[in-house]
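Undergrad: Take this structure, written in structure tokens, and hold onto it; I'll ask about it next.
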Amino acid sequence: MPPLDYQIEQPPAGEPVSSERLYLWIATTDHKRLGIMYVVSALVFFILARLQALTMRLQLAIPMNGLVPPDVYNRLFTMHGTSMVFLVGMPLLAGFANYLVPLMLGARDMAFPRLNAFGFWVFIFGGLLLYYSYLGGGGLYGAGSAPDVGWFAYAPLTERPFSPGSSTDYWVLGIMLAGFGSLASAINIVATTISLRCAGMTLSQIPLFVWMMLVDSWLIMIALPPLNAAQIMLLLDRHLGAHFFDTQASGSALLWQHFFWIFGHPEVYILIFPAFGCVSEVIPVFSRKPIFGRQAMVAAVIAIGFISTSVWAHHMFAVGMTSISNAFFAASTMLVAIPTGIKIFNWVATMYGGKLRFDLPMLFACAFLFQFLVAGLTGIMLSVAPFNWQLHDSYFVVAHFHFTLIGGFVFGMFAGICYWFPKVTGKMLDERLGKLHFWLFAIGFNVTFLPMHILGFLGMPRRIYTYQPGRGWELTNMIATAGAFIQAIAIALMAWNIVRSLRRGDVAGDDPWDAWTLEWTTSSPPPEYNFETIPVVRSSRPLWDLKHPQDPDWQYE
Amino acid sequence: MSAANPALPANWNLPDRGVVGIACFIVAESALFIIFVVGYLYYAGKSLTGPYPDQVLKTPVMATVCLLSSSATIVLAEHALHKVRIAAFRLWWTLTVLLGLSFLIQTALDWHELIFKDHLTIASNVFGSTFYGLVGLHATHVTVGLIFLSIVLCSSLAGFPIATGTRRIRFLSWYWHFVDVVWVIVFLVVYVIGK
């Protein structure tokens with residue numbers, strides 16, 4: 001190799017000044033910095049979407065409330081749903097995967113670092129584009145502001161005559177950009193997992209979190225492009241006068257629902273898998289036992305990954321499909337309960353007989369188990385088509401999917417945040433504030449969403465901006481609103497805890513939880529190159545092998 | 001039993017990350033096309049007003065021959081590059097670009113005739129919407145492929161040591177083959193089944 005005829009620029013000695021530090025973040029392709037940026041921006045959008053939810057709860061607290069007019073309310077629930085799914089859920093999982101997958105695999109970065117940075121920046125601009133609609137959504141016609149068509153944007157409501165102005169275009173383009181970011185992450189995660197595992201680590205030895213993210217990425221790759229395809233059709237309808245979803249020219253509004261839910265149902269599994277991954281890492285470490293039934297866990301997640309692509313129309317029982325379709329989608333939906341049940345039982349079996357330590361991550365993981373179970377049970381109820389006809393588009397459904405997405409996804413991710421916070425920052429979270437946050441959040445969550453099941457039985461429909469007094473909905477709505485504010489206090493406590501622990505938290509050390517996966521072998525926070533020497537792995541608990549050379553796992557696996 | 005740290009396994013070879021990446025990309029692209037194909041089939045025969053497919057569509061035999069043979073020429077180009085015969089590589093690669101370009105030009109002429117003679121536009125009926133949607137999406141992919149093919153051609157003609165980039169050129173040719181396979185499906189759906 002000829003000698004280089006230029007000098008590699010050396011970083012100046014000493015602490016970088018703030019402009020240089022900003023440059024380090026903006027121009028980075030380091031998976032850890034990108035991961036942190038993903039998670040932080042997700043948390044910012046989380047707070048925005050929470051404020052929207054709080055406004056909705058305030059509006060519904062008492063009957064015939066005039067706090068927000070109906071059109072504003074429509075924008076609120078559209079932006080709340082869209083943000084929570086595309087600007088909170090997706091970047092949160094991308095951030096976790098970016099940060100953890102290379103560390104867990106003993107790699108120095110993701111497979112395509114520049115693609116990774118590209119993914120983050122298109123996501124953030126997609127999010128900004130969506131929120132810019134509050135200013136620019138009126139378009140040339142001056143009609144509308146933010147999108148108000150629901151997060152699923154059912155046709156023909158999204159067609160030109162019913163949705164003038166540019167708000168729906170912002171919804172399409174913002175989500176499409178954010179979706180490209182998710183696709184970039186997904187491709188990166190698969191390539192990293194397949195191609196960059198450290199020496200000795202076979203696919204059967206990678207941590208369960210990585211397995212979940214691998215299947216997750218598969219779902220992202222086959223589920224997001226259908227949404228983009230449908231959105232391209234919608235743009236053609238809106239701007240070139242095509243008739244894909246134009247019901248007056250034999251276009252089909254039903255086809256949009258099919259296309260949307262072909263994406264939309266796998267999407268909810270895309271969101272829950274990372275939470276499964278976090279819980280699967282947390283529960284063994286805090287039960288001091290290896291995970292129960294590792295192979296069964298992997299098989300179950302792959303099974304869910306396949307079954308979840310054939311259940312989408314259970315969102316559409318009420319539109320009048322044939323009874324054969326109804327029966328098929330009801331049966332396939334119930335089928336998902338089997339692998340999911342296997343997972344729940346395996347987590348419980350891991351805890352059974354273990355030496356349980358109820359630190360913060362474990363508390364969140366336990367709450368996850370209970371709440372996700374409730375969500376799964378109401379899910380099976382809703383998969384029964386005749387039952388679904390009764391409760392479709394009622395608050396029962398709202399309660400069900402908030403139990404999966406908050407009780408499952410958010411609690412699982414909070415377990416992950418508490419678990420890996422010491423690794424990412426080098427500081428411990430304050431335990432006392434953290435427990436306060438946990439209990440307030442768990443109580444607030446259940447106070448908000450448990451009564452919503454009853455509201456659904458009492459016939460309260462989704463997406464209404466107000467209701468008449470005397471229907472028996474007043475008390476339950478008031479309780480739900482109170483719960484929403486308890487949750488808000490909990491989130492504020494969490495933010496305060498993070499800021500405070502960053503400044504004054506105890507030093508964490510490399511391995512505060514006495515864990516077993518590779519990310520805990522390096523320093524906290526890890527250096528830019530992750531590992532000084534690339535590790536060699538012979539079992540699924542490499543750090544256990546290092547700590548117990550007289551009794552390593554690889555003798556038994 | 002020995003407690004020593006296990007030795008580094010011999011022959012620890014994992015698949016090329018580029019191979020995995022491009023395979024994933026093709027999976028995602030396939031999902032995109034499948035939805036457009038399903039849309040086309042769903043709306044086949046549902047147009048309320050003309051023009052209808054059997055009245056206006058002419059099977060694009062020449063364009064298909066051009067595009068499919070460009071898959072063969074790109075293989076020959078790769079083969080030449082593998083043997084470091086740069087002149088042959090440039091010849092086959094130029095031919096690939098020309099064949100791709102002629103496919104696009106023929107599509108453009110077809111569309112011109114459809115729009116100005118047969119008065120079939122994207123706004124005419126659902127046949128027009130799905131036809132221009134599906135064929136247009138494919139033509140967009142051909143265009144993107146052509147841009148990349150041309151970049152390689154220009155770099156090669158400008159004297160860039162192209163033989164150092166065989167890996168990337170392999171991925172580009174996979175993309176090109178994918179676009180060809182999609183055309184076979186589009187052809188079957190639009191000109192055989194849907195007509």
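As shown in the structure tokens, the chain order sets the letters A, B, ...; within each chain, residues go from 1, and ligands are also counted from 1 in the order they appear.
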Extract the full set of helix (DSSP H, G or I) residues from range 72-140 of chain B according to DSSP on the backbone, and format it as a PyMOL selection string.

TA: chain B and resi 72-82+86-116+126-140

Undergrad: Write out as a PyMOL selection string every residue belonging to chain B that has an atom at most 10 Å from any atom of chain A, counting only C-alpha atoms.

TA: chain B and resi 1-36+38-40+42-43+46-49+121-130+132-134+137

Undergrad: Excluding range 86-96 of chain B and any residue of its chain fewer than 6 positions from it, enumerate the residues within 7 Å of it, using only C-alpha atoms, and give them as a ChimeraX atom specification.

TA: /B:70,73-74,76-78,80,153

Undergrad: Please list as an mmCIF file with C-alpha atoms, in the first residue's frame every residue within 9 Å of Asp216 in chain A, counting only C-alpha atoms and excluding residues in the same chain fewer than 5 positions away.

TA:
```cif
data_model
loop_
_atom_site.group_PDB
_atom_site.id
_atom_site.type_symbol
_atom_site.label_atom_id
_atom_site.label_comp_id
_atom_site.auth_asym_id
_atom_site.auth_seq_id
_atom_site.Cartn_x
_atom_site.Cartn_y
_atom_site.Cartn_z
ATOM 1 C CA ALA A 186 -34.168 -2.147 9.358
ATOM 2 C CA TRP A 211 -33.360 -11.744 17.749
ATOM 3 C CA MET A 221 -39.174 -4.340 5.373
ATOM 4 C CA TYR A 269 -45.977 -5.986 16.255
ATOM 5 C CA ILE A 270 -43.094 -3.868 14.990
ATOM 6 C CA LEU A 271 -43.708 -1.659 18.019
ATOM 7 C CA ILE A 272 -44.093 -4.430 20.585
ATOM 8 C CA PHE A 273 -41.094 -6.576 19.556
ATOM 9 C CA PRO A 274 -38.452 -4.168 20.928
ATOM 10 C CA GLY A 305 -43.534 -12.428 12.581
#
```

Undergrad: Considering only C-alpha atoms, can you say which of B:Val179, B:Pro161, B:Ala63, B:Arg168 comes closest to Val84 in chain B?

TA: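 Closest residue, counting only C-alpha atoms: B:Pro161.
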